[in-house]
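Here's the structure, in structure tokens; my notes come after.
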Amino acid sequence: MIEITPIAQAHFKKLLEPQKEGTHIRVFVINPGTAKAECGVSYCPPEAVEGSDTRLTFDGFDALIDEVSVPFLEDAFVDLVEEDAGTQLTLKAPNAKMRKVKDNAPLLERVEYVIQVQINPQLASHGGFIKLIEITADNVAIIEFGGGCNGCSQVDLTLKQGVEKELIDEFSGELNAVRDITEHESGDHSFYK
């Protein structure tokens, strides 16, 4: 469920040494399943342990996860990274904003999941995102661009070389094309004017 690198485990073990006996760490997601989802790690003293917590045992400590956060922390990764500015604990949880879907889920749900966890984070670096509108009977994903992508001169390239290529590769044999229905003509609806 959660991978904690050996260097991060040693870091947690050292942080927990001076704490009250029985204190472990808690890994959690605030606002799970939303665009505002944020992950965190905190101390978890014995009196804060809930019966419904999932307990993962590591060398010298346990990681506790509340019942609500569990599905959103699937495939999470915790590491300790040393950089010029110092040491930083990093927690990556690709499913925090959207719960991972099963391999046999309907195509619409699987495409939506890939858009939210793989494509939109890439587009966010340019202030943009896409929204899945529907999947047609002939397996064409109908999308709409938003944010910085709305009215952008590079949107056709983003659609054909980025979004469509990635989705068709991901859903080979299931998805035939991706079509954009966004109104890209410059106007009041454009993100950049």
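Ordered as shown in the structure tokens, chains take letters A, B, and onward, while each chain numbers its residues from 1 and ligands are numbered from 1 in the order shown.
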Contacts of stretch 106-113 of chain A at 7 Å (only C-alpha atoms; same-chain gap of 5+ positions) as a PyMOL selection string = chain A and resi 98+101+132+135
Quick one: everything within 12 Å of stretch 124-127 of chain A, counting only C-alpha atoms, minus sequence neighbours fewer than 3 positions away in the same chain. Send it as a list in words.
->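 The contact residues come out as Ala35, Ile115, Gln116, Val117, Gln118, Ile119, Asn120, Pro121, Ile130, Phe145, Gly146, Gly147, Gly148, Cys149, Asn150, Cys152, Gln154, Val155, Thr158, Phe191 and Tyr192 of chain A.
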A:Gly51 environment, 12 Å, only C-alpha atoms, sequence neighbours closer than 4 positions dropped, as an MDAnalysis selection string = chainID A and resid 46:47 55 64:67
Write to file, as a PDB file, in the first residue's frame, the residues of the selection just made, with N, CA and C atoms.
```pdb
ATOM      1  N   PRO A  46      -0.279   6.773  21.331  1.00  0.00           N
ATOM      2  CA  PRO A  46      -1.135   5.592  21.524  1.00  0.00           C
ATOM      3  C   PRO A  46      -2.617   5.934  21.718  1.00  0.00           C
ATOM      4  N   GLU A  47      -2.911   7.035  22.392  1.00  0.00           N
ATOM      5  CA  GLU A  47      -4.307   7.390  22.649  1.00  0.00           C
ATOM      6  C   GLU A  47      -5.042   7.887  21.389  1.00  0.00           C
ATOM      7  N   ARG A  55      -2.855  -0.624  10.041  1.00  0.00           N
ATOM      8  CA  ARG A  55      -1.523  -0.545  10.636  1.00  0.00           C
ATOM      9  C   ARG A  55      -0.517  -1.249   9.740  1.00  0.00           C
ATOM     10  N   LEU A  64       0.177   4.326  10.729  1.00  0.00           N
ATOM     11  CA  LEU A  64      -1.264   4.152  10.874  1.00  0.00           C
ATOM     12  C   LEU A  64      -1.978   5.016   9.845  1.00  0.00           C
ATOM     13  N   ILE A  65      -3.030   4.451   9.263  1.00  0.00           N
ATOM     14  CA  ILE A  65      -3.793   5.158   8.231  1.00  0.00           C
ATOM     15  C   ILE A  65      -5.264   5.080   8.599  1.00  0.00           C
ATOM     16  N   ASP A  66      -5.916   6.228   8.632  1.00  0.00           N
ATOM     17  CA  ASP A  66      -7.340   6.228   8.961  1.00  0.00           C
ATOM     18  C   ASP A  66      -8.141   5.593   7.831  1.00  0.00           C
ATOM     19  N   GLU A  67      -9.313   5.114   8.185  1.00  0.00           N
ATOM     20  CA  GLU A  67     -10.158   4.348   7.267  1.00  0.00           C
ATOM     21  C   GLU A  67     -10.487   5.119   5.982  1.00  0.00           C
TER      22      GLU A  67
END
```
So which residues touch A:Glu144 within 6 Å, counting only C-alpha atoms, skipping near sequence neighbours fewer than 2 positions away, as a ChimeraX atom specification?
-> /A:130-131,180-182
Write down as a count of residues only the residues of stretch 23-187 of chain A whose backbone DSSP state falls under strand (DSSP E or B).
-> 59
